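**Q** This is the structure I want to talk about, given as structure tokens.
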Amino acid sequence: MKILVPIKRVVDYNVKIRVKSDNSGIDIANVKMSINPFDEIAIEEAVRLKEAGKASEIIAVTIGPEKSQEQIRTAMAIGADRGILVKTNAPIDLGGVEPLAVAKTLKAIADKENPDLIIMGKQSIDDDSNQTGQMLAALLGWAQGTFASELEINDGSLQVTREIDGGLETLELKTPAIITTDLRLNDPRYAKLPDIMKAKKKPLEIIEPSDLGVDYTPRLEIVSVNEPPTRSAGIKVESVDALIDTLKNEAKVI
Amino acid sequence: MKTLVIAEHDNTELKSATLHAIGAAIKIGGDIDILVAGSNCDIVAQAAAQISGINKVIKADAPPLEHQLAEDIAPIIVDLASNYTHILSAATTFGKNTLPRAAALLDTQQISDIISVESADTFKRPVYAGNAIATVKSSDSIKLITVRTTTFDAADAAGGSASVEDYSAPASSELSKFIKHELSTSERPELTSAKIVVSGGRGVGSEENFAIIEKLADKLGAAIGASRAAVDAGYVPNDYQVGQTGKIVAPDLYIAIGISGAIQHLAGMKDSKVIVAINKDEDAPIFGVADYGLVADLFDAVPELEGKI
Ligand SMILES: Cc1cc2nc3c(=O)[nH]c(=O)nc-3n(C[C@H](O)[C@H](O)[C@H](O)COP(=O)(O)OP(=O)(O)OC[C@H]3O[C@@H](n4cnc5c(N)ncnc54)[C@H](O)[C@@H]3O)c2cc1C
Ligand SMILES: Nc1ncnc2c1ncn2[C@@H]1O[C@H](COP(=O)(O)O)[C@@H](O)[C@H]1O
């Protein structure tokens with residue numbers, strides 16, 4: 001079984017982001033960049049399937065700037081066998097390559113590579129779209145198992161447990177299929193130094209969006225990006241009694 | 001302007017999230033239709049027809065639609081789309097799962113999780129875990145949108161008398177098959193619409209200890225929420241998670257207990273009217289957004305609070 005894992009280069013989740021002073025976007029110059037955390041979970045899941053003898057090859061794919069090679073190399077250190085970078089200078093967080101365009105690019109790659117399974121994140125932590133996996137499933141005409149917290153693959157049958165608002169839902173999917181990961185699917189490993197060294201030698205193909213015939217003209221114009229209204233710290237109360245008193249008499253919420 | 005709102009339901013009850021999505025449709029203006037797709041869902045269609053200000057309810061009622069799988073709902077939305085300028089659903093797991101699938105088939109760039117309608121083509125949405133708000137203008141001819149339910153008022157569930165029109169759904173794609181549900185059952189109010197939410201974090205320490213959170217919640221008639229750390233550790237089920245990648249809540253009162261206040265958690269609760277934090281670390285970031293902070297050991301403070309309230 002061949003598994004494709006789309007990953008995205010994003011601002012690390014620990015970074016406190018700053019809105020650009022001209023309100024055109026987020027200042028991402030000189031901040032720490034990482035693999036989108038959900039995509040790390042996706043790679044980990046693919047690697048576990050390979051370790052269990054259920055997958056033969058894992059391909060990590062990203063659409064992004066030249067520097068996204070760093071994230072592909074990290075994916076390879078975790079266990080991806082090879083990588084594909086679709087190189088673009090367009091922004092990938094806001095006002096550039098949008099989920100629909102990413103899905104179209106990934107479809108073109110899937111058409112070439114014929115994977116049996118695509119595992120990707122449920123959501124990018126920069127644009128917070130939560131769209132690309134569902135869109136890709138639609139474009140390929142495949143089944144989708146989104147927000148997965150458990151994946152079971154046995155002799156061609158695929159069962160996925162999904163985190164939904166009311167609890168959990170289990171589906172059986174026809175393959176090939178798309179899985180998008182939720183936080184409870186697994187705990188990604190840290191890449192060890194020898195694996196980081198080995199990753200440097202794995203094949204990484206760089207292609208242009210035009211090679212795939214996809215167009216990155218955005219459909220959504222970013223009119224402006226602003227700071228959210230700030231919430232200032234209130235007061236510290238000294239005791240439980242004081243807390244009850246304020247909630248009853250000042251805030252009047254109980 | 002004509003909007004189609006995708007109803008969220010379990011074949012017996014129309015979920016309140018739908019009313020909030022209609023709230024956003026009202027802001028856009030124009031006629032509003034509702035799609036109720038399910039199996040034996042007439043009671044839901046009838047409830048939808050009662051909502052004030054609805055033009056028409058479209059009912060797609062067929063056995064394969066019982067579990068409302070995205071693979072089968074999306075083609076219905078696509079088929080109906082040409083009659084509409086806007087197609088909306090709530091940004092719930094149902095809406096997030098379904099709408100992008102329809103959007104891709106329509107070659108439309110969906111706008112996720114809007115928090116305001118600026119005009120018929122311009123919307124605000126949070127990005128970067130709510131640390132920035134983007135104003136986006138869509139050039140697509142049909143706009144597919146998911147709606148953050150906490151920022152739009154619910155439409156009035158009564159007072160309307162829309163007609164119900166039958167739609168015959170195409171055969172199931174048979175791409176995916178429902179196996180089972182494990183739904184959390186609770187007598188407590190629903191997390192995203194509760195007036196009071198009591199949330200516990202890693203500080204609570206164990207599933208057993210969560211009983212003190214439950215007691216306080218029950219005393220207050222509150223829903224229970226949790227941080228990711230509490231869910232990951234198995235103290236509570238996944239659907240309790242509040243945050244950037246969990247549920248968004250905005251109750252009148254949010255009590256965060258043993259929660260540090262990571263940005264991913266704040267993203268899900270910082271629009272609450274009044275925030276209370278109980279934490280033994282006086283430097284915990286949660287105090288930076290709390291209206292009332294109590295620096296205390298939760299194992300002393302929470303039982304005392306529950307006893308005295
Ligand atoms: C991709 C991604 C998505 C995420 N999505 C979410 C999300 O949706 N929601 C979410 O919540 N998190 C999310 N997180 C996780 C987030 O970054 C934090 O790790 C998490 O919120 C921490 O949970 P916590 O506050 O319970 O735990 P901690 O940060 O460990 O805090 C525990 C707190 O309890 C206090 N405490 C301990 N013992 C006591 C005591 N006896 N009395 C009083 N106080 C005590 C401590 O002082 C501390 O402040 C996400 C992370 C990533 C990477
Ligand atoms: N530029 C990109 N390159 C590769 N994969 C991406 C890219 N953008 C999004 N994805 C994938 O799509 C998932 C969902 O992203 P989104 O729809 O933007 O929230 C991510 O977790 C990735 O797996």
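Labeling convention for the structure tokens: chains A, B, ... as they appear, residues from 1 per chain, ligands from 1 in order of appearance.
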Using only C-alpha atoms, select each residue of chain A with any atom at most 7 Å away from an atom of chain B, and give the selection as number ranges by chain.

**A** A: 19, 100, 125-131, 134-135, 138-139, 142-143, 146, 163-174, 184, 219-228, 231-240, 244, 253

**Q** Using only C-alpha atoms and all ligand atoms, what table do you get, as JSON lines, when you list each residue of chain A with an atom no more than 8 Å from ligand 2, its nearest pair of atoms, and their distance in Å rounded to one decimal, rows by chain then rising number?

**A**
{"residue": "A:Val5", "atom": "CA", "partner": "ligand 2", "partner_atom_place_in_ligand_line": "23 (O)", "distance": 7.0}
{"residue": "A:Pro6", "atom": "CA", "partner": "ligand 2", "partner_atom_place_in_ligand_line": "5 (N)", "distance": 4.1}
{"residue": "A:Ile7", "atom": "CA", "partner": "ligand 2", "partner_atom_place_in_ligand_line": "5 (N)", "distance": 4.2}
{"residue": "A:Lys8", "atom": "CA", "partner": "ligand 2", "partner_atom_place_in_ligand_line": "3 (N)", "distance": 4.4}
{"residue": "A:Arg9", "atom": "CA", "partner": "ligand 2", "partner_atom_place_in_ligand_line": "1 (N)", "distance": 7.1}
{"residue": "A:Asn36", "atom": "CA", "partner": "ligand 2", "partner_atom_place_in_ligand_line": "21 (O)", "distance": 6.2}
{"residue": "A:Pro37", "atom": "CA", "partner": "ligand 2", "partner_atom_place_in_ligand_line": "21 (O)", "distance": 7.8}
{"residue": "A:Phe38", "atom": "CA", "partner": "ligand 2", "partner_atom_place_in_ligand_line": "21 (O)", "distance": 5.5}
{"residue": "A:Asp39", "atom": "CA", "partner": "ligand 2", "partner_atom_place_in_ligand_line": "21 (O)", "distance": 5.1}
{"residue": "A:Ala42", "atom": "CA", "partner": "ligand 2", "partner_atom_place_in_ligand_line": "23 (O)", "distance": 7.6}
{"residue": "A:Val61", "atom": "CA", "partner": "ligand 2", "partner_atom_place_in_ligand_line": "4 (C)", "distance": 5.9}
{"residue": "A:Thr62", "atom": "CA", "partner": "ligand 2", "partner_atom_place_in_ligand_line": "4 (C)", "distance": 3.8}
{"residue": "A:Ile63", "atom": "CA", "partner": "ligand 2", "partner_atom_place_in_ligand_line": "3 (N)", "distance": 3.8}
{"residue": "A:Gly64", "atom": "CA", "partner": "ligand 2", "partner_atom_place_in_ligand_line": "1 (N)", "distance": 5.4}
{"residue": "A:Ile92", "atom": "CA", "partner": "ligand 2", "partner_atom_place_in_ligand_line": "1 (N)", "distance": 5.7}
{"residue": "A:Val97", "atom": "CA", "partner": "ligand 2", "partner_atom_place_in_ligand_line": "1 (N)", "distance": 6.9}
{"residue": "A:Glu98", "atom": "CA", "partner": "ligand 2", "partner_atom_place_in_ligand_line": "18 (O)", "distance": 7.3}
{"residue": "A:Pro99", "atom": "CA", "partner": "ligand 2", "partner_atom_place_in_ligand_line": "17 (O)", "distance": 5.2}
{"residue": "A:Val102", "atom": "CA", "partner": "ligand 2", "partner_atom_place_in_ligand_line": "7 (C)", "distance": 5.8}
{"residue": "A:Ala103", "atom": "CA", "partner": "ligand 2", "partner_atom_place_in_ligand_line": "12 (O)", "distance": 7.8}
{"residue": "A:Leu106", "atom": "CA", "partner": "ligand 2", "partner_atom_place_in_ligand_line": "4 (C)", "distance": 7.7}
{"residue": "A:Ile119", "atom": "CA", "partner": "ligand 2", "partner_atom_place_in_ligand_line": "23 (O)", "distance": 7.5}
{"residue": "A:Met120", "atom": "CA", "partner": "ligand 2", "partner_atom_place_in_ligand_line": "23 (O)", "distance": 3.9}
{"residue": "A:Gly121", "atom": "CA", "partner": "ligand 2", "partner_atom_place_in_ligand_line": "21 (O)", "distance": 3.1}
{"residue": "A:Lys122", "atom": "CA", "partner": "ligand 2", "partner_atom_place_in_ligand_line": "14 (C)", "distance": 4.9}
{"residue": "A:Gln123", "atom": "CA", "partner": "ligand 2", "partner_atom_place_in_ligand_line": "19 (O)", "distance": 3.3}
{"residue": "A:Ser124", "atom": "CA", "partner": "ligand 2", "partner_atom_place_in_ligand_line": "19 (O)", "distance": 3.8}
{"residue": "A:Ile125", "atom": "CA", "partner": "ligand 2", "partner_atom_place_in_ligand_line": "19 (O)", "distance": 6.9}
{"residue": "A:Asp126", "atom": "CA", "partner": "ligand 2", "partner_atom_place_in_ligand_line": "18 (O)", "distance": 7.7}
{"residue": "A:Asp127", "atom": "CA", "partner": "ligand 2", "partner_atom_place_in_ligand_line": "18 (O)", "distance": 5.8}
{"residue": "A:Asp128", "atom": "CA", "partner": "ligand 2", "partner_atom_place_in_ligand_line": "19 (O)", "distance": 4.9}
{"residue": "A:Ser129", "atom": "CA", "partner": "ligand 2", "partner_atom_place_in_ligand_line": "19 (O)", "distance": 3.8}
{"residue": "A:Asn130", "atom": "CA", "partner": "ligand 2", "partner_atom_place_in_ligand_line": "19 (O)", "distance": 3.5}
{"residue": "A:Gln131", "atom": "CA", "partner": "ligand 2", "partner_atom_place_in_ligand_line": "17 (O)", "distance": 3.7}
{"residue": "A:Thr132", "atom": "CA", "partner": "ligand 2", "partner_atom_place_in_ligand_line": "17 (O)", "distance": 3.7}
{"residue": "A:Gly133", "atom": "CA", "partner": "ligand 2", "partner_atom_place_in_ligand_line": "12 (O)", "distance": 5.7}
{"residue": "A:Thr180", "atom": "CA", "partner": "ligand 2", "partner_atom_place_in_ligand_line": "13 (C)", "distance": 7.5}
{"residue": "A:Thr181", "atom": "CA", "partner": "ligand 2", "partner_atom_place_in_ligand_line": "21 (O)", "distance": 7.9}

**Q** Point out the residue among B:Leu4, B:Ala154, B:Ile257, B:Ile34 with the least atom-to-atom distance to ligand 1, counting only C-alpha atoms and all ligand atoms.

**A**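 Between B:Leu4, B:Ala154, B:Ile257, B:Ile34, the residue approaching ligand 1 most closely is B:Ile257.
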
**Q** If we count only C-alpha atoms, what is near Ala101 in chain A at a cut-off of 8 Å, once residues fewer than 3 positions away on the same chain are taken out, given as a PyMOL selection string?

**A** chain A and resi 97-98+104-105+214-216

**Q** For those residues, write N, CA and C atoms to a file as a tab-separated table (two decimals), in the first residue's frame.

**A**
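Below you can see result_9.tsv, which holds the result:
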chain	number	residue	atom	x	y	z
A	97	VAL	N	-2.17	30.64	-1.84
A	97	VAL	CA	-2.63	29.32	-2.22
A	97	VAL	C	-3.72	28.87	-1.24
A	98	GLU	N	-4.92	28.77	-1.75
A	98	GLU	CA	-6.07	28.46	-0.89
A	98	GLU	C	-6.35	26.95	-0.88
A	104	LYS	N	-6.53	20.83	-5.57
A	104	LYS	CA	-6.34	20.57	-7.01
A	104	LYS	C	-4.91	20.09	-7.28
A	105	THR	N	-3.96	20.71	-6.61
A	105	THR	CA	-2.56	20.30	-6.78
A	105	THR	C	-2.38	18.86	-6.32
A	214	VAL	N	-2.01	23.71	-12.46
A	214	VAL	CA	-2.91	24.34	-11.50
A	214	VAL	C	-2.61	25.83	-11.38
A	215	ASP	N	-3.68	26.54	-11.05
A	215	ASP	CA	-3.62	28.00	-11.05
A	215	ASP	C	-3.83	28.47	-9.61
A	216	TYR	N	-2.94	29.33	-9.13
A	216	TYR	CA	-3.02	29.75	-7.73
A	216	TYR	C	-3.64	31.14	-7.53

**Q** If you count only C-alpha atoms, which residues fall within 8 Å of range 198-208 of chain B, apart from same-chain ones fewer than 5 positions away, as a list in words?

**A**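 Counting only C-alpha atoms, the residues come to Ile213, Leu216, Ala217, Ala222, Ala223, Ile224, Gly225, Ala226, Ser227, Arg228, Ala229, Ala230, Ala233, Gly234, Tyr235, Val236, Tyr254, Ile255, Ala256, Ile257, Gly258, Ile259, Ser260 and Leu298 of chain B.
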
**Q** Could you check which of B:Ile115, B:Val242, B:Ile73, B:Ile248 is closest to ligand 1, using only C-alpha atoms and all ligand atoms?

**A**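 Using only C-alpha atoms and all ligand atoms, the shortest distance to ligand 1 belongs to B:Val242.
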
**Q** What is the distance, in Å and to one decimal place, between atom 10 (C, counted along the ligand's line) of ligand 1 and CA of Leu183 in chain A?

**A**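 Atom-to-atom, atom 10 (C, counted along the ligand's line) of ligand 1 and CA of Leu183 in chain A are spaced 10.3 Å apart.
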
**Q** Where does DSSP see strand (DSSP E) in range 18-239 of chain A, if you list the residues as a PyMOL selection string?

**A** chain A and resi 33-35+57-64+82-87+117-121+143-154+157-164+167-173+177-181+204-207+220-226+235-237

**Q** Could you give me, as a PDB file with N, CA and C atoms, in the first residue's frame, the residues within 8 Å of Pro203 in chain A, counting only C-alpha atoms and dropping anything in the same chain fewer than 4 positions from it?

**A**
ATOM      1  N   ASP A  81       9.423   8.063   2.903  1.00  0.00           N
ATOM      2  CA  ASP A  81      10.479   7.528   2.036  1.00  0.00           C
ATOM      3  C   ASP A  81      10.979   8.531   1.019  1.00  0.00           C
ATOM      4  N   ARG A  82      10.077   9.349   0.507  1.00  0.00           N
ATOM      5  CA  ARG A  82      10.506  10.385  -0.430  1.00  0.00           C
ATOM      6  C   ARG A  82       9.582  11.585  -0.316  1.00  0.00           C
ATOM      7  N   GLY A  83       9.988  12.665  -0.997  1.00  0.00           N
ATOM      8  CA  GLY A  83       9.215  13.889  -0.857  1.00  0.00           C
ATOM      9  C   GLY A  83       8.988  14.587  -2.185  1.00  0.00           C
TER      10      GLY A  83
END
